[in-house]
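Report on one structure; see the data block that follows.
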Amino acid sequence: MIRAIPFKIILLFLLLTAGAGCAGRYFHAAGPETPSVSPYSLRQWPYEEYWAGIVFNGAKIGFSYVAVSQPDNTAAVFAIESEAFFRIRFLMLDKKVILKSFDQVGADLSLKRFVYDYVLDENTLQLTGGVVDGRLEVEGFLRGQTFRQSFELEGKLYPTSALGLYPVLQGLAVGRKHRYNVYDGQTRTIAPVEQEVLAYETSDLFEGAAFKVRTRLHGQEVLSWIDKQGKPLLEMSQGGVIISYLEKKRDAQKYLTQAAINKDENLLNYSLIKTDLKGYAPEQAASLDVVISIAGADFTLPSDERQQCVSHANGQFCRIRTAAPTTRFPTKPAEDPNRFLNPSIVIPSQHEHIRNTAAEIASTGSNPFERVGLLMDWIRRNIRQDAADVFSALDVLEGKKAECQGHAYLYTAFARSLGIPSRVVNGIVYSLFYQGFLYHTWAESLLDGQWAAVDPTFGQLPADATHIKLIEGEMPADLLPLVHLIGKVKMEIVAVNNP
């Protein structure tokens, strides 16, 4: 069985992840004197647009561009248009991602209004909003749904499209530091940004000299080399695994029209945790003892009734058990299970289509266990397993296809609509086909007083013991801790027990 990977987790990694930068031998001090560049104004910005190619693990996967303009010369309102396009070979299928943004900003780059359009495979999400009377008001459109967010602001707010512009607007000089807040449409959160101009360098990787700028957002770091005209000659993350570099517009457009851009499974190869289960069938694993180490990341694996993890000399030791659903365990004292009945943007459990479908599916179930079984069986028969990424459970129900994350979204929405507290779980699971652990998403439901692992993708209740939980949560921001882990996890199997 080929076990699925939630592509959105990997995509979030591509968009946000970063590391220590490239090896020092590629960069050199530009000279004994370090220049400074006076601040630019948006009215006299040194360029209209720039285009950049994006490389992951040695293979080109996409491009981006940023354009700055002043639509009305009589008003102090400016426009930043940006787009990122990815086309990636993933599980032998082509994945397409388009992220477009249009921001109206003031002369200081502070956000006024915005329109963001996101496309994941065949599904779309639009966000619109603006700053009004000290609040950010956001309206989202997703599969006919409209949702709203409201944030009280402390000081000015900036769009993420301004990240590469802000140090230039303030004037480039080594040692200069900046701190401000941005609205990130990808995670739909407001987050602090820290930037610092670290050095003035030349490099074997670009022409001329540039200011080295470190940007921190969501706990990640990106290193950028910005020239005196304000263009980012190079951006780097994950020690050079992800690189963005200036290229000509025609090269980016040529790339866009190619029929097959990247035929290598770079994402899969990078995220796969190679491990030998020594001939055991993972679907039958009743318990698993494993030692997990995560290079350079301060991350504590969660412990609960099913999964117990402690510190170990080589990392963290975890024992995962597959308990029968009828086995009773105490719930966590501080946990209110009723909060796992609430609808969300991702889990619209009160939507009429969700509620009516779930009620019809589970109509013959006399107890929660039977209803969960009916839901899982319906998903298995009606939702095609496909590497199609989604924004919400409604995308899955109406599109009738999804990868593992979408299956977990739909199951969780169904279960909550029936009054069964349920939550989305993200972690790793073993694949015999790939001989290692892959990132995966499943669910947990509160059944007869215990949290049971439910995997609707593989029809498992309870899920087998190779399901190792890393985090809980359904919103894009909940996935951010995983960004620290991809490509850094190593594992040693200590014991596997089958019933």
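Letters A, B, ... mark the chains of the structure tokens in the order given; residue numbers begin at 1 per chain; ligand numbers begin at 1, in order shown.
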(request) Tell me which protein, DNA and RNA residues are within 12 Å of Ile354 in chain A, counting only C-alpha atoms, leaving out same-chain ones fewer than 5 positions away, and put them as a list in words. (result) Pro343, Ile347, Pro348, Ser349, Ala359, Glu360, Ile361, Leu375, Ser392, Ala393, Leu394, Asp395, Val396, Leu397, Glu398, Tyr409, Leu410, Tyr411, Thr412, Ala413, Phe414, Ala415, Arg416, Ser417 and Leu418 of chain A
Hey, can you spit out that residue selection with N, CA, C and O atoms as an mmCIF file, in the first residue's frame?
data_model
loop_
_atom_site.group_PDB
_atom_site.id
_atom_site.type_symbol
_atom_site.label_atom_id
_atom_site.label_comp_id
_atom_site.auth_asym_id
_atom_site.auth_seq_id
_atom_site.Cartn_x
_atom_site.Cartn_y
_atom_site.Cartn_z
ATOM 1 N N PRO A 343 -17.161 24.186 14.796
ATOM 2 C CA PRO A 343 -16.786 24.283 13.381
ATOM 3 C C PRO A 343 -15.630 25.256 13.194
ATOM 4 O O PRO A 343 -15.345 26.086 14.060
ATOM 5 N N ILE A 347 -12.855 22.921 8.944
ATOM 6 C CA ILE A 347 -13.819 21.886 9.333
ATOM 7 C C ILE A 347 -15.197 22.536 9.492
ATOM 8 O O ILE A 347 -15.649 22.801 10.615
ATOM 9 N N PRO A 348 -15.897 22.831 8.393
ATOM 10 C CA PRO A 348 -17.203 23.499 8.489
ATOM 11 C C PRO A 348 -18.311 22.498 8.846
ATOM 12 O O PRO A 348 -19.212 22.215 8.050
ATOM 13 N N SER A 349 -18.266 21.992 10.066
ATOM 14 C CA SER A 349 -19.153 20.898 10.470
ATOM 15 C C SER A 349 -20.616 21.304 10.541
ATOM 16 O O SER A 349 -21.490 20.428 10.572
ATOM 17 N N ALA A 359 -25.613 12.873 8.616
ATOM 18 C CA ALA A 359 -26.807 12.309 9.256
ATOM 19 C C ALA A 359 -27.353 11.135 8.457
ATOM 20 O O ALA A 359 -27.775 10.113 9.018
ATOM 21 N N GLU A 360 -27.336 11.266 7.134
ATOM 22 C CA GLU A 360 -27.827 10.171 6.292
ATOM 23 C C GLU A 360 -26.909 8.955 6.381
ATOM 24 O O GLU A 360 -27.391 7.810 6.487
ATOM 25 N N ILE A 361 -25.599 9.188 6.355
ATOM 26 C CA ILE A 361 -24.648 8.074 6.415
ATOM 27 C C ILE A 361 -24.804 7.293 7.714
ATOM 28 O O ILE A 361 -24.795 6.053 7.729
ATOM 29 N N LEU A 375 -19.188 6.186 8.870
ATOM 30 C CA LEU A 375 -18.541 7.339 8.223
ATOM 31 C C LEU A 375 -17.290 6.908 7.462
ATOM 32 O O LEU A 375 -17.072 7.323 6.314
ATOM 33 N N SER A 392 -10.505 22.792 2.570
ATOM 34 C CA SER A 392 -11.472 22.491 3.619
ATOM 35 C C SER A 392 -12.161 21.162 3.338
ATOM 36 O O SER A 392 -12.060 20.595 2.245
ATOM 37 N N ALA A 393 -12.917 20.693 4.341
ATOM 38 C CA ALA A 393 -13.685 19.451 4.198
ATOM 39 C C ALA A 393 -14.719 19.572 3.086
ATOM 40 O O ALA A 393 -15.059 18.583 2.429
ATOM 41 N N LEU A 394 -15.244 20.774 2.855
ATOM 42 C CA LEU A 394 -16.246 20.961 1.813
ATOM 43 C C LEU A 394 -15.652 20.731 0.428
ATOM 44 O O LEU A 394 -16.328 20.216 -0.469
ATOM 45 N N ASP A 395 -14.378 21.100 0.223
ATOM 46 C CA ASP A 395 -13.700 20.789 -1.038
ATOM 47 C C ASP A 395 -13.722 19.287 -1.299
ATOM 48 O O ASP A 395 -13.913 18.834 -2.426
ATOM 49 N N VAL A 396 -13.516 18.508 -0.243
ATOM 50 C CA VAL A 396 -13.460 17.050 -0.381
ATOM 51 C C VAL A 396 -14.846 16.490 -0.701
ATOM 52 O O VAL A 396 -15.008 15.668 -1.606
ATOM 53 N N LEU A 397 -15.846 16.931 0.036
ATOM 54 C CA LEU A 397 -17.194 16.405 -0.150
ATOM 55 C C LEU A 397 -17.720 16.717 -1.545
ATOM 56 O O LEU A 397 -18.357 15.869 -2.186
ATOM 57 N N GLU A 398 -17.448 17.917 -2.040
ATOM 58 C CA GLU A 398 -17.970 18.303 -3.341
ATOM 59 C C GLU A 398 -17.085 17.821 -4.488
ATOM 60 O O GLU A 398 -17.585 17.520 -5.574
ATOM 61 N N TYR A 409 -9.959 15.755 7.178
ATOM 62 C CA TYR A 409 -10.840 16.916 7.300
ATOM 63 C C TYR A 409 -12.301 16.504 7.201
ATOM 64 O O TYR A 409 -13.147 16.911 8.013
ATOM 65 N N LEU A 410 -12.621 15.722 6.178
ATOM 66 C CA LEU A 410 -14.020 15.359 5.951
ATOM 67 C C LEU A 410 -14.534 14.476 7.078
ATOM 68 O O LEU A 410 -15.654 14.685 7.579
ATOM 69 N N TYR A 411 -13.735 13.476 7.483
ATOM 70 C CA TYR A 411 -14.179 12.627 8.587
ATOM 71 C C TYR A 411 -14.439 13.468 9.834
ATOM 72 O O TYR A 411 -15.465 13.298 10.513
ATOM 73 N N THR A 412 -13.534 14.371 10.165
ATOM 74 C CA THR A 412 -13.670 15.190 11.372
ATOM 75 C C THR A 412 -14.912 16.070 11.299
ATOM 76 O O THR A 412 -15.637 16.230 12.291
ATOM 77 N N ALA A 413 -15.176 16.633 10.119
ATOM 78 C CA ALA A 413 -16.379 17.454 9.953
ATOM 79 C C ALA A 413 -17.636 16.615 10.143
ATOM 80 O O ALA A 413 -18.584 17.033 10.825
ATOM 81 N N PHE A 414 -17.668 15.424 9.536
ATOM 82 C CA PHE A 414 -18.808 14.524 9.722
ATOM 83 C C PHE A 414 -19.017 14.202 11.203
ATOM 84 O O PHE A 414 -20.128 14.287 11.732
ATOM 85 N N ALA A 415 -17.926 13.788 11.864
ATOM 86 C CA ALA A 415 -18.040 13.346 13.252
ATOM 87 C C ALA A 415 -18.501 14.480 14.159
ATOM 88 O O ALA A 415 -19.374 14.295 15.017
ATOM 89 N N ARG A 416 -17.938 15.679 13.994
ATOM 90 C CA ARG A 416 -18.361 16.806 14.828
ATOM 91 C C ARG A 416 -19.839 17.122 14.605
ATOM 92 O O ARG A 416 -20.558 17.469 15.556
ATOM 93 N N SER A 417 -20.294 17.026 13.359
ATOM 94 C CA SER A 417 -21.695 17.337 13.081
ATOM 95 C C SER A 417 -22.631 16.355 13.772
ATOM 96 O O SER A 417 -23.792 16.676 14.021
ATOM 97 N N LEU A 418 -22.119 15.155 14.091
ATOM 98 C CA LEU A 418 -22.916 14.141 14.791
ATOM 99 C C LEU A 418 -22.736 14.192 16.299
ATOM 100 O O LEU A 418 -23.248 13.332 17.021
#
(request) Give me every strand (DSSP E or B) residue in range 297-477 of chain A, going by DSSP on the backbone, as a VMD selection string. (result) chain A and resid 307 to 312 315 to 321 384 to 385 401 to 402 422 to 431 436 to 447 450 to 455 460 468 to 472
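Proximity of A:Gly185, A:Gly399, A:Pro368, A:Pro159 to Glu81 in chain A, computed with only C-alpha atoms, is greatest for A:Pro159.
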(request) Please run DSSP on the backbone and report, as a VMD selection string, all residues within range 110-185 of chain A that come out as alpha helix (DSSP H). (result) chain A and resid 166 to 170
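For Gln460 in chain A, the set of protein, DNA and RNA residues having any atom at most 10 Å away, when counting only C-alpha atoms and skipping those fewer than 6 positions along the same chain, is Glu283, Gly373, Met376, Trp442, Ala453 and Val454 of chain A.
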(request) Mind giving me the straight-line distance from CA of Glu207 in chain A to CA of Arg43 in chain A in Å, one decimal? (result) 27.2 Å
When you look at range 382-386 of chain A with a cut-off of 9 Å (counting only C-alpha atoms), what residues show up, excluding the ones that are within fewer than 6 positions of it in the same chain? I need them as a compact mmCIF listing (two decimals) with N, CA and C atoms, in the first residue's frame.
# COMPACT_ATOMS: atom_id res chain seq x y z
N ALA A 4 -0.23 7.87 1.79
CA ALA A 4 -0.24 9.23 1.26
C ALA A 4 0.53 10.19 2.13
N VAL A 396 -13.52 18.51 -0.24
CA VAL A 396 -13.46 17.05 -0.38
C VAL A 396 -14.85 16.49 -0.70
N LEU A 397 -15.85 16.93 0.04
CA LEU A 397 -17.19 16.41 -0.15
C LEU A 397 -17.72 16.72 -1.54
N GLY A 399 -15.77 17.71 -4.25
CA GLY A 399 -14.87 17.25 -5.30
C GLY A 399 -14.73 15.74 -5.36
N LYS A 400 -15.12 15.05 -4.28
CA LYS A 400 -15.10 13.59 -4.19
C LYS A 400 -13.70 12.99 -4.38
N LYS A 401 -12.66 13.76 -4.01
CA LYS A 401 -11.30 13.23 -4.04
C LYS A 401 -10.42 14.07 -3.14
N ALA A 402 -9.37 13.43 -2.60
CA ALA A 402 -8.44 14.15 -1.72
C ALA A 402 -7.31 13.22 -1.33
N GLU A 403 -6.23 13.82 -0.81
CA GLU A 403 -5.19 13.02 -0.18
C GLU A 403 -5.53 12.85 1.29
N CYS A 404 -4.60 12.32 2.09
CA CYS A 404 -4.93 11.91 3.45
C CYS A 404 -5.43 13.06 4.32
N HIS A 407 -9.07 13.57 3.59
CA HIS A 407 -9.89 12.52 4.19
C HIS A 407 -10.10 12.80 5.69
N THR A 457 -8.26 7.39 5.79
CA THR A 457 -7.59 7.08 4.53
C THR A 457 -7.39 5.58 4.37
